[in-house]
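S.K.: There's a structure below that I have some questions on.
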Protein chains: 2
Amino acid sequence: MVNQNEENLNEVFHALANDTRRDMIRMMAEEERTVSELAEPFDMSLAAISKHIKVLERANLIERIVNGRTHICRLKTESLSQATEWLHFYEKFWSKRFDLLESELMKAKRKEH
Amino acid sequence: MVNQNEENLNEVFHALANDTRRDMIRMMAEEERTVSELAEPFDMSLAAISKHIKVLERANLIERIVNGRTHICRLKTESLSQATEWLHFYEKFWSKRFDLLESELMKAKRKEH
DNA sequence: ATTTTGATTAACCATGTAGTTAAATATAAC
DNA sequence: GTTATATTTAACTACATGGTTAATCAAAAT
């Protein structure tokens with residue numbers, strides 16, 4: 001029922017709705033990281049970290065390069081920018097509405113004098 | 001542990017991670033809506049709609065004006081723009097990285113000749 | 001060849017989510 | 001004052017989430 005883009009937006013926003021995962025994104029934005037590097041700042045089992053990474057992967061927010069026994073995780077921009085676009089659409093809309101409201105107020109003010 | 005902004009970001013992104021709620025936001029972006037107006041397009045009980053509205057409210061994405069027995073729901077921009085800012089931060093970051101990469105490529109190219 | 005290391009998987013738990021139906025609440029209309 | 005309307009709340013279901021520990025797997029180091 002739900003189309004692919006919508007489905008991915010669901011997954012992207014869901015992935016972003018968690019501190020740990022947002023922190024991981026921040027870390028990977030600095031530079032690509034291995035799983036244990038990603039795990040290091042968190043007081044949490046590696047199994048839990050592994051699951052968080054999977055959520056990011058499922059949302060298509062990161063890619064994983066398997067390099068021997070270490071996995072390197074790297075941000076992908078596409079899904080993130082899709083989410084940004086969604087939000088941006090409404091941002092524009094609202095500023096437009098705000099401008100409109102403002103111009104109405106100005107008109108009203110001019111009439112007063 | 002988690003600060004208030006982080007907590008609200010969690011709730012905002014969680015609220016956005018659902019088609020029905022994103023559709024509702026689109027509807028309210030056009031104009032403010034009553035609960036039954038919001039419910040109309042969806043094949044879903046009013047109780048379910050009521051819960052979705054609560055999620056949006058908890059995320060501080062909307063406000064509700066109780067007007068007799070009807071409730072009017074209206075978007076609030078603050079939380080949304082907070083989320084937009086979060087995403088925007090990384091957008092900027094990536095374009096910067098992209099520019100950097102590009103300039104490295106240019107440098108390499110110049111050396112070739 | 002054995003052990004250590006980096007990471008995933010499985011099984012489990014408590015809690016949350018997204019929906020349902022039925023009952024309750026409060027206002028409006030007759 | 002009874003009925004109809006707009007909406008919420010409660011109790012329930014099925015499934016997802018975010019964590020745990022223990023077991024597994026594959027590559028690296030000894």
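The way I read the labels, and the way they are meant: chains A, B, ... in the order of the structure tokens, residue 1 as the first residue of every chain, and ligand 1 as the first ligand shown, with later ones counted on from there.
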Within 8 Å of chain A, which residues of chain C are there when counting only C-alpha atoms (C1' of nucleotides)? Please give them as a list in words.
M.R.: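 Putting it all together, I get DG6, DA7 and DT8 of chain C.
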S.K.: Would you mind exporting N, CA and C atoms (P, O5', C5', C4', C3', O3' and C1' of nucleotides) of the selected residues as a CSV table (one decimal), in the first residue's frame?
M.R.:
chain,number,residue,atom,x,y,z
C,6,DG,P,39.5,-6.2,18.4
C,6,DG,O5',38.5,-6.7,17.3
C,6,DG,C5',38.8,-6.6,15.9
C,6,DG,C4',37.5,-6.8,15.1
C,6,DG,C3',36.4,-5.8,15.5
C,6,DG,O3',35.8,-5.3,14.4
C,6,DG,C1',35.6,-8.1,15.8
C,7,DA,P,34.6,-4.3,14.4
C,7,DA,O5',33.3,-5.3,14.5
C,7,DA,C5',33.0,-6.0,13.2
C,7,DA,C4',32.0,-7.1,13.5
C,7,DA,C3',30.6,-6.7,14.0
C,7,DA,O3',29.8,-6.6,12.9
C,7,DA,C1',31.4,-8.7,14.9
C,8,DT,P,28.2,-6.4,13.1
C,8,DT,O5',27.7,-7.9,13.2
C,8,DT,C5',28.0,-8.8,12.1
C,8,DT,C4',27.4,-10.1,12.3
C,8,DT,C3',25.8,-10.1,12.4
C,8,DT,O3',25.3,-11.1,11.6
C,8,DT,C1',26.7,-11.2,14.3
S.K.: Could you name the residues that touch segment 18-21 of chain D at 12 Å or less, counting only C-alpha atoms (C1' of nucleotides), but leaving out those on the same chain fewer than 6 positions away, as number ranges by chain?
M.R.: A: 18, 20-21, 43-52, 55; C: 10-16
S.K.: What does the distance between atom C1' of DT25 of chain C and atom C1' of DT8 of chain D come to in Å, to one decimal place?
M.R.: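 Atom C1' of DT8 of chain D lies 7.6 Å from atom C1' of DT25 of chain C.
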S.K.: Skip Glu78 of chain A itself and residues of its chain fewer than 5 positions away, then list as number ranges by chain all residues within 12 Å of it, counting only C-alpha atoms (C1' of nucleotides).
M.R.: A: 5, 8-9, 12, 59-63, 83-85; B: 90-91, 94
S.K.: Got a sec to pull out which chain D residues are within 12 Å of chain B, counting only C-alpha atoms (C1' of nucleotides), and send them as a list in words?
M.R.: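 That gives the following set of residues: DT5, DA6, DT7, DT8, DT9 and DA10 of chain D.
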S.K.: Please produce a file of those selected residues containing N, CA and C atoms (P, O5', C5', C4', C3', O3' and C1' of nucleotides), as a PDB file, in the first residue's frame.
M.R.:
ATOM      1  P    DT D   5     -26.210  12.643  14.627  1.00  0.00           P
ATOM      2  O5'  DT D   5     -24.972  13.396  15.294  1.00  0.00           O
ATOM      3  C5'  DT D   5     -25.039  14.810  15.494  1.00  0.00           C
ATOM      4  C4'  DT D   5     -23.732  15.261  16.113  1.00  0.00           C
ATOM      5  C3'  DT D   5     -22.491  14.649  15.460  1.00  0.00           C
ATOM      6  O3'  DT D   5     -21.665  15.747  15.114  1.00  0.00           O
ATOM      7  C1'  DT D   5     -22.401  14.397  17.816  1.00  0.00           C
ATOM      8  P    DA D   6     -20.221  15.541  14.459  1.00  0.00           P
ATOM      9  O5'  DA D   6     -19.307  15.702  15.742  1.00  0.00           O
ATOM     10  C5'  DA D   6     -19.027  16.993  16.279  1.00  0.00           C
ATOM     11  C4'  DA D   6     -17.867  16.861  17.249  1.00  0.00           C
ATOM     12  C3'  DA D   6     -16.638  16.165  16.641  1.00  0.00           C
ATOM     13  O3'  DA D   6     -15.496  16.936  17.000  1.00  0.00           O
ATOM     14  C1'  DA D   6     -17.327  15.038  18.609  1.00  0.00           C
ATOM     15  P    DT D   7     -14.045  16.557  16.463  1.00  0.00           P
ATOM     16  O5'  DT D   7     -13.522  15.633  17.660  1.00  0.00           O
ATOM     17  C5'  DT D   7     -13.419  16.214  18.970  1.00  0.00           C
ATOM     18  C4'  DT D   7     -13.236  15.141  20.020  1.00  0.00           C
ATOM     19  C3'  DT D   7     -12.059  14.204  19.809  1.00  0.00           C
ATOM     20  O3'  DT D   7     -10.944  14.685  20.534  1.00  0.00           O
ATOM     21  C1'  DT D   7     -13.922  13.177  20.893  1.00  0.00           C
ATOM     22  P    DT D   8      -9.655  13.753  20.845  1.00  0.00           P
ATOM     23  O5'  DT D   8     -10.129  12.970  22.154  1.00  0.00           O
ATOM     24  C5'  DT D   8     -10.529  13.735  23.287  1.00  0.00           C
ATOM     25  C4'  DT D   8     -10.726  12.831  24.490  1.00  0.00           C
ATOM     26  C3'  DT D   8      -9.486  12.027  24.877  1.00  0.00           C
ATOM     27  O3'  DT D   8      -9.390  12.105  26.297  1.00  0.00           O
ATOM     28  C1'  DT D   8     -11.326  10.573  24.518  1.00  0.00           C
ATOM     29  P    DT D   9      -8.145  11.410  27.070  1.00  0.00           P
ATOM     30  O5'  DT D   9      -8.751  10.006  27.555  1.00  0.00           O
ATOM     31  C5'  DT D   9      -9.903  10.005  28.389  1.00  0.00           C
ATOM     32  C4'  DT D   9     -10.258   8.575  28.721  1.00  0.00           C
ATOM     33  C3'  DT D   9      -9.074   7.696  29.100  1.00  0.00           C
ATOM     34  O3'  DT D   9      -9.419   7.090  30.335  1.00  0.00           O
ATOM     35  C1'  DT D   9     -10.378   6.636  27.447  1.00  0.00           C
ATOM     36  P    DA D  10      -8.378   6.125  31.112  1.00  0.00           P
ATOM     37  O5'  DA D  10      -8.955   4.657  30.818  1.00  0.00           O
ATOM     38  C5'  DA D  10     -10.358   4.431  30.903  1.00  0.00           C
ATOM     39  C4'  DA D  10     -10.653   2.970  30.606  1.00  0.00           C
ATOM     40  C3'  DA D  10      -9.537   2.002  30.974  1.00  0.00           C
ATOM     41  O3'  DA D  10     -10.145   0.824  31.488  1.00  0.00           O
ATOM     42  C1'  DA D  10      -9.993   1.790  28.680  1.00  0.00           C
TER      43       DA D  10
END
S.K.: Please check the contacts: residues of chain B at most 12 Å away from chain A, using only C-alpha atoms, listed as JSON, numbers by chain.
M.R.: {"B": [1, 2, 3, 4, 5, 6, 7, 8, 9, 10, 11, 12, 13, 14, 15, 16, 17, 18, 19, 20, 21, 22, 23, 25, 26, 27, 28, 29, 30, 31, 59, 75, 76, 77, 78, 79, 80, 81, 82, 83, 84, 85, 86, 87, 88, 89, 90, 91, 92, 93, 94, 95, 96, 97, 98]}
S.K.: Can you list every residue in segment 22-77 of chain B that DSSP puts in alpha helix (DSSP H), as a PyMOL selection string?
M.R.: chain B and resi 22-30+35-39+46-58+77
S.K.: Keeping only C-alpha atoms, take the residues you just selected and write them out as an mmCIF file, in the first residue's frame.
M.R.:
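Ended up saving to part_16.cif:
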data_model
loop_
_atom_site.group_PDB
_atom_site.id
_atom_site.type_symbol
_atom_site.label_atom_id
_atom_site.label_comp_id
_atom_site.auth_asym_id
_atom_site.auth_seq_id
_atom_site.Cartn_x
_atom_site.Cartn_y
_atom_site.Cartn_z
ATOM 1 C CA ARG B 22 2.940 12.785 7.878
ATOM 2 C CA ASP B 23 -0.286 12.958 5.874
ATOM 3 C CA MET B 24 -1.994 14.662 8.780
ATOM 4 C CA ILE B 25 0.811 17.196 8.926
ATOM 5 C CA ARG B 26 0.327 17.870 5.229
ATOM 6 C CA MET B 27 -3.389 18.434 5.834
ATOM 7 C CA MET B 28 -2.765 20.807 8.713
ATOM 8 C CA ALA B 29 -0.154 22.637 6.644
ATOM 9 C CA GLU B 30 -2.965 23.527 4.211
ATOM 10 C CA VAL B 35 -10.179 15.759 14.622
ATOM 11 C CA SER B 36 -12.882 14.333 12.357
ATOM 12 C CA GLU B 37 -11.558 16.269 9.365
ATOM 13 C CA LEU B 38 -8.161 14.758 10.050
ATOM 14 C CA ALA B 39 -9.758 11.330 10.355
ATOM 15 C CA LEU B 46 -11.427 7.599 15.514
ATOM 16 C CA ALA B 47 -9.713 6.127 18.538
ATOM 17 C CA ALA B 48 -6.649 5.372 16.413
ATOM 18 C CA ILE B 49 -6.702 8.890 14.942
ATOM 19 C CA SER B 50 -6.956 10.305 18.442
ATOM 20 C CA LYS B 51 -3.781 8.449 19.382
ATOM 21 C CA HIS B 52 -1.917 9.726 16.328
ATOM 22 C CA ILE B 53 -2.901 13.255 17.231
ATOM 23 C CA LYS B 54 -1.573 12.688 20.738
ATOM 24 C CA VAL B 55 1.769 11.587 19.334
ATOM 25 C CA LEU B 56 1.979 14.795 17.294
ATOM 26 C CA GLU B 57 0.968 16.799 20.338
ATOM 27 C CA ARG B 58 3.520 15.112 22.587
ATOM 28 C CA THR B 77 6.581 25.294 13.574
#
S.K.: Tell me which protein, DNA and RNA residues are within 10 Å of DT4 of chain C, counting only C-alpha atoms (C1' of nucleotides), leaving out same-chain ones fewer than 3 positions away, and put them as a count of residues only.
M.R.: 3
S.K.: Using only C-alpha atoms (C1' of nucleotides), can you tell me which of D:DA11, D:DA27, D:DA4, D:DA22 comes closest to DA22 of chain C?
M.R.: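 Among the listed residues, the smallest separation from DA22 of chain C belongs to D:DA11.
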S.K.: Just to confirm, what's the straight-line distance from atom C1' of DT21 of chain C to atom C1' of DT13 of chain D in Å (one decimal)?
M.R.: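 We find that atom C1' of DT21 of chain C and atom C1' of DT13 of chain D lie 11.2 Å from each other.
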